[in-house]
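Containing mmCIF, C-alpha atoms and all ligand atoms: entry-v6.cif.
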```cif
data_protein
#
loop_
_atom_site.label_atom_id
_atom_site.label_comp_id
_atom_site.auth_asym_id
_atom_site.auth_seq_id
_atom_site.Cartn_x
_atom_site.Cartn_y
_atom_site.Cartn_z
CA MET A 841 120.49 131.82 103.35
CA ILE A 842 123.24 129.22 103.37
CA ASP A 843 126.74 130.26 104.44
CA SER A 844 128.82 130.15 101.25
CA LYS A 845 131.66 128.52 103.22
CA TYR A 846 129.34 125.63 104.08
CA SER A 847 130.20 123.27 101.26
CA LEU A 848 128.32 120.29 99.93
CA VAL A 849 130.91 118.01 101.52
CA ASP A 850 130.40 119.78 104.88
CA ALA A 851 126.68 119.15 104.51
CA MET A 852 127.22 115.49 103.68
CA ASN A 853 129.42 115.12 106.76
CA TRP A 854 126.89 116.99 108.92
CA ARG A 855 123.95 114.85 107.93
CA TYR A 856 123.29 111.45 109.42
CA ALA A 857 120.31 109.13 109.47
CA THR A 858 118.53 110.78 112.38
CA LYS A 859 116.92 108.27 114.71
CA LYS A 860 115.23 110.73 117.04
CA MET A 861 113.68 114.01 115.95
CA ASN A 862 112.43 116.75 118.24
CA GLY A 863 109.11 117.54 116.57
CA GLN A 864 110.17 121.08 115.53
CA SER A 865 108.66 122.24 112.25
CA VAL A 866 110.77 122.70 109.14
CA PRO A 867 110.36 126.37 108.06
CA SER A 868 108.42 126.77 104.83
CA ASP A 869 111.31 128.27 102.82
CA LYS A 870 113.55 125.31 103.64
CA LEU A 871 110.75 122.87 102.92
CA ARG A 872 110.10 124.53 99.57
CA THR A 873 113.77 124.13 98.60
CA ILE A 874 113.80 120.46 99.58
CA LEU A 875 110.56 119.65 97.77
CA GLU A 876 111.66 121.54 94.66
CA SER A 877 114.96 119.65 94.61
CA ILE A 878 112.97 116.43 94.67
CA ARG A 879 110.58 117.57 91.95
CA LEU A 880 113.47 118.79 89.77
CA SER A 881 115.36 115.54 90.14
CA ALA A 882 116.32 113.75 86.94
CA SER A 883 114.63 110.54 85.86
CA SER A 884 115.28 108.10 83.06
CA VAL A 885 113.71 109.38 79.82
CA GLY A 886 112.17 112.16 81.93
CA LEU A 887 109.04 110.20 82.81
CA GLN A 888 109.09 110.76 86.61
CA PRO A 889 107.10 107.59 87.27
CA TYR A 890 106.63 108.44 90.95
CA ARG A 891 104.90 110.94 93.22
CA VAL A 892 105.65 112.16 96.73
CA MET A 893 103.02 112.29 99.43
CA VAL A 894 103.79 114.86 102.14
CA VAL A 895 102.39 113.72 105.48
CA THR A 896 102.09 116.32 108.21
CA ASP A 897 98.95 115.21 110.02
CA ALA A 898 99.86 113.99 113.53
CA GLU A 899 97.06 111.45 113.70
CA THR A 900 98.03 109.91 110.35
CA LYS A 901 101.64 109.67 111.51
CA MET A 902 100.49 107.89 114.68
CA ARG A 903 98.66 105.35 112.50
CA LEU A 904 101.71 104.89 110.29
CA GLN A 905 104.24 104.42 113.08
CA PRO A 906 103.37 100.78 113.95
CA ALA A 907 103.68 99.93 110.23
CA ALA A 908 107.25 101.28 110.36
CA PHE A 909 108.39 99.07 113.24
CA GLY A 910 107.61 101.86 115.70
CA GLN A 911 110.42 104.05 114.38
CA GLN A 912 110.37 107.37 116.24
CA GLN A 913 111.14 109.51 113.19
CA ILE A 914 107.66 108.86 111.85
CA ILE A 915 106.06 110.91 114.61
CA GLY A 916 109.07 113.04 115.53
CA SER A 917 109.42 114.34 111.98
CA SER A 918 108.00 117.63 110.84
CA HIS A 919 107.15 116.27 107.39
CA LEU A 920 107.16 112.64 106.35
CA LEU A 921 107.71 112.22 102.62
CA VAL A 922 106.39 109.02 101.09
CA PHE A 923 107.92 108.25 97.70
CA ALA A 924 105.47 106.15 95.71
CA VAL A 925 105.69 104.73 92.19
CA HIS A 926 102.88 104.45 89.70
CA GLU A 927 101.26 101.02 89.70
CA ASN A 928 100.50 101.23 86.00
CA ILE A 929 103.05 102.75 83.74
CA ASP A 930 101.58 102.81 80.26
CA ILE A 931 100.85 104.85 77.17
CA ASP A 932 98.80 107.37 79.18
CA GLN A 933 101.87 108.43 81.08
CA VAL A 934 103.86 108.71 77.86
CA ASN A 935 101.13 110.91 76.38
CA ASN A 936 100.99 113.05 79.53
CA ILE A 937 104.68 113.83 79.43
CA ILE A 938 104.57 114.52 75.69
CA ASP A 939 101.68 116.96 76.21
CA LEU A 940 103.51 118.67 79.06
CA MET A 941 106.72 118.99 77.04
CA ALA A 942 104.88 120.39 74.01
CA GLN A 943 103.22 122.96 76.25
CA LYS A 944 106.35 123.92 78.22
CA ARG A 945 108.58 124.15 75.16
CA GLN A 946 105.92 125.62 72.91
CA VAL A 947 106.38 122.99 70.23
CA SER A 948 103.95 120.74 68.39
CA ILE A 949 103.20 117.20 69.51
CA GLU A 950 104.22 116.00 66.03
CA SER A 951 107.71 117.46 66.47
CA LEU A 952 108.14 115.20 69.51
CA SER A 953 107.37 111.99 67.65
CA GLY A 954 110.98 110.70 67.88
CA TYR A 955 111.05 111.26 71.63
CA LYS A 956 107.61 109.70 71.92
CA SER A 957 108.62 106.48 70.18
CA MET A 958 111.73 106.28 72.38
CA LEU A 959 109.49 106.63 75.46
CA GLU A 960 107.08 104.04 74.12
CA LYS A 961 109.95 101.62 73.53
CA THR A 962 111.27 102.17 77.04
CA VAL A 963 107.91 101.77 78.71
CA LEU A 964 105.94 99.35 76.60
CA SER A 965 108.72 96.82 76.07
CA ARG A 966 109.05 96.08 79.80
CA SER A 967 107.13 93.66 81.98
CA GLU A 968 105.09 94.98 84.89
CA SER A 969 107.69 93.81 87.36
CA ASP A 970 110.57 95.37 85.36
CA LEU A 971 108.65 98.64 85.21
CA TYR A 972 108.12 98.58 88.96
CA HIS A 973 111.85 98.11 89.60
CA TRP A 974 112.77 100.71 87.01
CA ALA A 975 110.33 103.23 88.54
CA THR A 976 111.67 102.48 92.00
CA LYS A 977 115.21 103.31 90.89
CA GLN A 978 114.01 106.66 89.56
CA ALA A 979 112.26 107.40 92.86
CA TYR A 980 115.48 106.69 94.76
CA ILE A 981 117.34 109.29 92.71
CA ALA A 982 114.73 111.82 93.84
CA LEU A 983 115.16 110.57 97.40
CA GLY A 984 118.89 111.29 97.12
CA SER A 985 118.22 114.79 95.79
CA GLY A 986 115.96 115.41 98.78
CA MET A 987 118.54 114.17 101.28
CA VAL A 988 121.27 116.38 99.83
CA ALA A 989 118.98 119.41 99.68
CA ALA A 990 117.92 118.86 103.29
CA ALA A 991 121.54 118.64 104.43
CA LEU A 992 122.40 121.88 102.62
CA GLU A 993 119.44 123.53 104.35
CA HIS A 994 120.58 122.18 107.72
CA VAL A 995 117.45 120.11 107.98
CA ASP A 996 117.80 116.60 109.33
CA SER A 997 116.44 113.67 107.42
CA THR A 998 116.13 109.91 107.61
CA PRO A 999 115.75 107.79 104.50
CA MET A 1000 113.66 104.79 105.49
CA GLU A 1001 112.96 101.45 103.92
CA GLY A 1002 111.95 99.92 107.24
CA PHE A 1003 108.20 99.98 106.81
CA ASP A 1004 105.43 97.78 105.55
CA ALA A 1005 104.53 99.21 102.17
CA ARG A 1006 101.14 97.50 101.98
CA SER A 1007 100.03 98.97 105.30
CA PHE A 1008 101.28 102.41 104.30
CA ASP A 1009 99.43 102.17 100.98
CA GLU A 1010 96.25 101.27 102.80
CA ILE A 1011 96.48 103.95 105.51
CA LEU A 1012 97.39 106.66 102.99
CA GLY A 1013 94.94 105.56 100.29
CA LEU A 1014 97.80 105.29 97.80
CA HIS A 1015 96.24 102.45 95.85
CA GLN A 1016 93.25 104.66 95.01
CA LEU A 1017 95.73 107.13 93.54
CA GLY A 1018 97.33 104.38 91.45
CA LEU A 1019 100.46 104.51 93.59
CA ARG A 1020 102.59 102.14 95.63
CA SER A 1021 104.95 103.34 98.37
CA VAL A 1022 108.63 102.47 98.02
CA VAL A 1023 110.73 104.59 100.37
CA LEU A 1024 110.31 107.35 102.98
CA LEU A 1025 112.18 110.48 103.91
CA ALA A 1026 111.48 111.87 107.35
CA LEU A 1027 112.35 115.57 107.61
CA GLY A 1028 112.85 117.44 110.84
CA PHE A 1029 115.44 118.35 113.42
CA ARG A 1030 117.61 116.08 115.51
CA ASP A 1031 116.97 115.57 119.19
CA ALA A 1032 120.75 115.55 119.64
CA LYS A 1033 120.75 114.81 123.39
CA ASN A 1034 118.60 111.72 122.99
CA ASP A 1035 119.88 110.47 119.65
CA LEU A 1036 122.97 108.35 120.23
CA ASN A 1037 123.70 108.43 116.50
CA SER A 1038 124.16 112.21 116.52
CA THR A 1039 127.69 111.92 117.94
CA LYS A 1040 128.84 108.77 116.21
CA ALA A 1041 131.65 109.03 113.67
CA LYS A 1042 130.61 108.58 110.07
CA VAL A 1043 131.61 105.19 108.68
CA ARG A 1044 132.38 105.06 104.95
CA ILE A 1045 134.61 102.88 102.81
CA PRO A 1046 138.01 104.64 102.43
CA LYS A 1047 138.58 106.42 99.08
CA ASP A 1048 141.32 104.01 97.99
CA ASP A 1049 139.01 101.04 98.35
CA PHE A 1050 135.97 102.81 97.04
CA PHE A 1051 137.14 104.42 93.82
CA ILE A 1052 138.67 102.29 91.11
CA TRP A 1053 140.67 104.42 88.70
CA ARG A 1054 141.67 103.29 85.28
C1 LIG B 1101 117.36 103.53 101.21
C2 LIG B 1101 117.69 103.64 102.66
C3 LIG B 1101 116.85 103.07 103.60
C4 LIG B 1101 117.11 103.23 104.96
N1 LIG B 1101 116.20 102.78 105.89
C5 LIG B 1101 116.35 103.14 107.19
C6 LIG B 1101 115.33 102.91 108.14
O1 LIG B 1101 114.27 102.35 107.86
N2 LIG B 1101 115.53 103.33 109.41
C7 LIG B 1101 116.66 103.98 109.78
O2 LIG B 1101 116.77 104.37 110.95
N3 LIG B 1101 117.65 104.22 108.91
C8 LIG B 1101 117.52 103.83 107.63
N4 LIG B 1101 118.50 104.12 106.71
C9 LIG B 1101 119.70 104.82 107.16
C10 LIG B 1101 120.99 104.01 107.00
O3 LIG B 1101 121.05 103.01 107.96
C11 LIG B 1101 122.16 104.99 107.12
O4 LIG B 1101 122.05 105.94 106.10
C12 LIG B 1101 123.51 104.30 107.03
O5 LIG B 1101 123.70 103.46 108.13
C13 LIG B 1101 124.65 105.30 106.96
O6 LIG B 1101 124.63 106.16 108.07
P1 LIG B 1101 124.45 107.74 107.97
O7 LIG B 1101 123.40 108.01 106.94
O8 LIG B 1101 124.01 108.13 109.35
O9 LIG B 1101 125.77 108.33 107.60
C14 LIG B 1101 118.27 103.92 105.37
C15 LIG B 1101 119.14 104.46 104.40
C16 LIG B 1101 118.84 104.33 103.07
C17 LIG B 1101 119.76 105.00 102.06
#
```

Take the structure I supplied and represent it as structure tokens, if you would.
Ligand SMILES: Cc1cc2nc3c(=O)[nH]c(=O)nc-3n(C[C@H](O)[C@H](O)[C@H](O)COP(=O)(O)O)c2cc1C
Amino acid sequence: MIDSKYSLVDAMNWRYATKKMNGQSVPSDKLRTILESIRLSASSVGLQPYRVMVVTDAETKMRLQPAAFGQQQIIGSSHLLVFAVHENIDIDQVNNIIDLMAQKRQVSIESLSGYKSMLEKTVLSRSESDLYHWATKQAYIALGSGMVAAALEHVDSTPMEGFDARSFDEILGLHQLGLRSVVLLALGFRDAKNDLNSTKAKVRIPKDDFFIWR
């Protein structure tokens, strides 16, 4: 249970990109909250063109670590989340989401025809490369949701782009699942004594420079 006096801003100040984790496991209730926040994250037109692989196996993490420039968080983490976008975004995905919506909202597929054509326009009008970049942006929103949820749960996390996506895809068999890794989120607990970053002041652009009011 989170202390009600622990605000979102407190959590955002508490969190930092943890460089060294102590290997302690994230309790299942906290993990559930973080994963649900990721799953419930918003995406453009609601398509969720990404999936999240949850890596806990120590041997797999050992294999991944060299492909992430040896970063310690890969093996020090409790759970390593790999955000991966769909390689092929096409009419099948549109149909899947339409079916799911019809089922969840107990409405007919025909009644969703307007939404369906909007989805088709969004998806089918884009080139493969545009779709990849679009999907990646959606995955990053989910990454952000996960980071905020982790901070509120007092779980440390490290967002990571420093890895070789092709090697990760190969080691994790992502290609066979029609997926391509884009970003990681290591979850765990800080090894405060051995992580120099744990005591460093947060550096952010001052409000007056950051926000432009009109
Ligand atoms: C998308 C993204 C990718 C990042 N990749 C890495 C990474 O590979 N390794 C790492 O140690 N930190 C990584 N970081 C952490 C940033 O360096 C860090 O968030 C930034 O310096 C601000 O510091 P703070 O998060 O500790 O406040 C990444 C952050 C983001 C948002």

Protein and nucleic residues near ligand LIG 1101 (chain B), 8 Å, all atoms listed in the file, as a PyMOL selection string: chain A and resi 853+855-859+908+911+913+980+998-1003+1023-1024+1037+1042-1044

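Proximity to Ile878 of chain A was assessed for A:Ser951, A:Thr900, A:Gln978, A:Ser917 counting all atoms listed in the file; the smallest distance is recorded for A:Gln978.
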
With distances taken over only C-alpha atoms, which residue among A:Asp1031, A:Glu960, A:Asp970, A:Asp850 lies nearest Asn862 of chain A? A:Asp1031

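One distance worth recording is that between atom CA of Gly954 of chain A and atom CA of Asp930 of chain A, which is 17.4 Å.
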
If I take atom CA of Lys1040 of chain A and atom CA of Gly1028 of chain A, how far is one from the other in Å, to one decimal? 19.0 Å

Using only C-alpha atoms for the distances, tell me which of A:Arg891, A:Lys956, A:His994, A:Lys845 is nearest to Val866 of chain A.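 With only C-alpha atoms as the atom set, the closest residue is A:His994.
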
Separating atom CA of Ala1005 of chain A from atom CA of His973 of chain A, to the nearest tenth of an Å, is a gap of 14.6 Å

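Ranking A:Lys860, A:Arg1030, A:His919, A:Arg879 by their shortest atom-to-atom distance to Val894 of chain A, with all atoms listed in the file included, puts A:His919 first.
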
Return the single residue from A:Glu968, A:Leu920, A:Ser985, A:Gln905 that is closest to Glu876 of chain A, with distances computed using only C-alpha atoms.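 Result for the nearest residue to Glu876 of chain A: A:Ser985.
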
What's around Tyr972 of chain A at 9 Å? Count all atoms listed in the file, leave out sequence neighbours fewer than 4 positions away in its own chain, and write the answer as a list in words.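 Counting all atoms listed in the file, the residues come to Val925, His926, Glu927, Asn928, Ile929, Ser967, Glu968, Thr976 and Lys977 of chain A.
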
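Taking all atoms listed in the file, the non-local environment of Lys901 of chain A within 8 Å (same-chain residues fewer than 4 positions away omitted) comprises A:Val895, A:Thr896, A:Asp897, A:Gln905, A:Ile914, A:Ile915.
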
Return the single residue from A:Ser1021, A:Ser1007, A:Ser957, A:Asn1034 that is closest to Val892 of chain A, with distances computed using all atoms listed in the file.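 The answer is A:Ser1021, which sits nearest to Val892 of chain A.
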
Selection as a ChimeraX atom specification: residues within 8 Å of (116.6, 119.1, 107.5), counting all atoms listed in the file: /A:866,870,990-991,993-997,1027-1029

Counting all atoms listed in the file, find the residues whose atoms lie at most 12 Å from (107.9, 121.0, 75.1) (file coordinates) and write them out as a list in words.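 So the residues meeting the distance criterion are Gly886, Asn936, Ile937, Ile938, Asp939, Leu940, Met941, Ala942, Gln943, Lys944, Arg945, Gln946, Val947, Ser948, Ile949, Glu950, Ser951, Leu952, Ser953, Tyr955 and Lys956 of chain A.
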
Segment 845-965 of chain A from the block above, C-alpha atoms, as a compact mmCIF listing (two decimals), in the first residue's frame, please?
```
# COMPACT_ATOMS: atom_id res chain seq x y z
CA LYS A 845 1.46 11.48 1.31
CA TYR A 846 3.90 10.02 -1.22
CA SER A 847 2.93 12.04 -4.26
CA LEU A 848 3.62 11.42 -7.91
CA VAL A 849 6.15 14.25 -7.86
CA ASP A 850 7.89 12.64 -4.84
CA ALA A 851 8.06 9.41 -6.83
CA MET A 852 9.48 11.17 -9.88
CA ASN A 853 12.15 12.79 -7.70
CA TRP A 854 12.91 9.48 -5.97
CA ARG A 855 13.42 7.54 -9.17
CA TYR A 856 16.62 7.69 -11.16
CA ALA A 857 18.09 5.58 -13.93
CA THR A 858 19.57 2.91 -11.70
CA LYS A 859 22.97 1.73 -12.89
CA LYS A 860 23.50 -1.01 -10.33
CA MET A 861 20.77 -3.25 -8.98
CA ASN A 862 21.09 -5.66 -6.08
CA GLY A 863 19.37 -8.71 -7.55
CA GLN A 864 16.46 -8.60 -5.07
CA SER A 865 13.15 -9.78 -6.52
CA VAL A 866 10.29 -7.39 -7.14
CA PRO A 867 7.30 -8.69 -5.09
CA SER A 868 4.49 -10.05 -7.23
CA ASP A 869 1.89 -7.44 -6.19
CA LYS A 870 4.20 -4.60 -7.21
CA LEU A 871 5.11 -6.35 -10.43
CA ARG A 872 1.44 -6.86 -11.24
CA THR A 873 0.77 -3.13 -10.80
CA ILE A 874 3.68 -2.17 -13.03
CA LEU A 875 2.76 -4.64 -15.77
CA GLU A 876 -0.90 -3.63 -15.67
CA SER A 877 0.05 0.04 -15.98
CA ILE A 878 2.02 -0.86 -19.08
CA ARG A 879 -0.78 -2.95 -20.54
CA LEU A 880 -3.35 -0.23 -19.81
CA SER A 881 -1.24 2.45 -21.41
CA ALA A 882 -2.85 4.46 -24.20
CA SER A 883 -1.83 4.04 -27.82
CA SER A 884 -2.72 5.89 -30.98
CA VAL A 885 -6.06 4.61 -32.33
CA GLY A 886 -5.89 1.94 -29.61
CA LEU A 887 -3.95 -0.55 -31.70
CA GLN A 888 -1.17 -1.35 -29.18
CA PRO A 889 1.26 -2.37 -31.91
CA TYR A 890 3.78 -3.73 -29.40
CA ARG A 891 4.25 -6.50 -26.86
CA VAL A 892 6.39 -6.80 -23.75
CA MET A 893 8.60 -9.78 -23.08
CA VAL A 894 9.31 -10.31 -19.37
CA VAL A 895 12.73 -11.87 -18.89
CA THR A 896 13.47 -13.43 -15.52
CA ASP A 897 15.68 -16.36 -16.47
CA ALA A 898 19.22 -15.76 -15.15
CA GLU A 899 20.91 -17.65 -17.96
CA THR A 900 19.04 -15.68 -20.63
CA LYS A 901 20.01 -12.43 -18.92
CA MET A 902 23.66 -13.54 -18.93
CA ARG A 903 23.40 -14.10 -22.69
CA LEU A 904 21.78 -10.71 -23.19
CA GLN A 905 24.24 -8.70 -21.13
CA PRO A 906 27.08 -8.56 -23.72
CA ALA A 907 24.53 -7.35 -26.30
CA ALA A 908 23.74 -4.44 -23.95
CA PHE A 909 27.33 -3.22 -23.66
CA GLY A 910 27.75 -5.23 -20.46
CA GLN A 911 25.33 -3.03 -18.55
CA GLN A 912 24.93 -4.40 -15.02
CA GLN A 913 21.19 -3.78 -14.80
CA ILE A 914 20.58 -6.61 -17.24
CA ILE A 915 21.69 -9.22 -14.73
CA GLY A 916 21.12 -7.20 -11.55
CA SER A 917 17.47 -6.64 -12.40
CA SER A 918 14.68 -8.76 -11.02
CA HIS A 919 12.68 -8.53 -14.25
CA LEU A 920 13.92 -7.24 -17.58
CA LEU A 921 11.10 -5.94 -19.75
CA VAL A 922 11.74 -5.93 -23.48
CA PHE A 923 9.36 -3.66 -25.39
CA ALA A 924 9.03 -4.97 -28.93
CA VAL A 925 6.96 -3.71 -31.87
CA HIS A 926 5.17 -5.82 -34.43
CA GLU A 927 7.21 -6.30 -37.60
CA ASN A 928 4.10 -6.41 -39.74
CA ILE A 929 1.28 -4.08 -38.93
CA ASP A 930 -1.54 -4.85 -41.31
CA ILE A 931 -5.22 -5.60 -41.72
CA ASP A 932 -4.97 -8.64 -39.41
CA GLN A 933 -4.12 -6.42 -36.49
CA VAL A 934 -6.97 -4.07 -37.36
CA ASN A 935 -9.36 -7.03 -37.46
CA ASN A 936 -8.03 -8.37 -34.15
CA ILE A 937 -8.67 -5.13 -32.32
CA ILE A 938 -12.12 -4.77 -33.88
CA ASP A 939 -13.01 -8.31 -32.76
CA LEU A 940 -11.73 -7.61 -29.26
CA MET A 941 -13.66 -4.35 -29.01
CA ALA A 942 -16.88 -5.95 -30.25
CA GLN A 943 -16.48 -8.68 -27.65
CA LYS A 944 -15.52 -6.39 -24.74
CA ARG A 945 -18.22 -3.82 -25.47
CA GLN A 946 -20.83 -6.36 -26.52
CA VAL A 947 -21.51 -4.66 -29.83
CA SER A 948 -21.65 -5.92 -33.39
CA ILE A 949 -18.66 -5.76 -35.73
CA GLU A 950 -20.85 -3.82 -38.20
CA SER A 951 -21.43 -1.07 -35.63
CA LEU A 952 -17.66 -0.54 -35.52
CA SER A 953 -17.31 0.05 -39.25
CA GLY A 954 -16.48 3.78 -38.84
CA TYR A 955 -13.75 3.00 -36.34
CA LYS A 956 -12.50 0.20 -38.56
CA SER A 957 -12.10 2.42 -41.61
CA MET A 958 -10.28 5.01 -39.47
CA LEU A 959 -7.90 2.25 -38.29
CA GLU A 960 -7.42 1.02 -41.84
CA LYS A 961 -6.60 4.54 -43.00
CA THR A 962 -4.09 4.99 -40.19
CA VAL A 963 -2.40 1.67 -40.75
CA LEU A 964 -2.67 0.92 -44.43
CA SER A 965 -1.72 4.39 -45.67
```
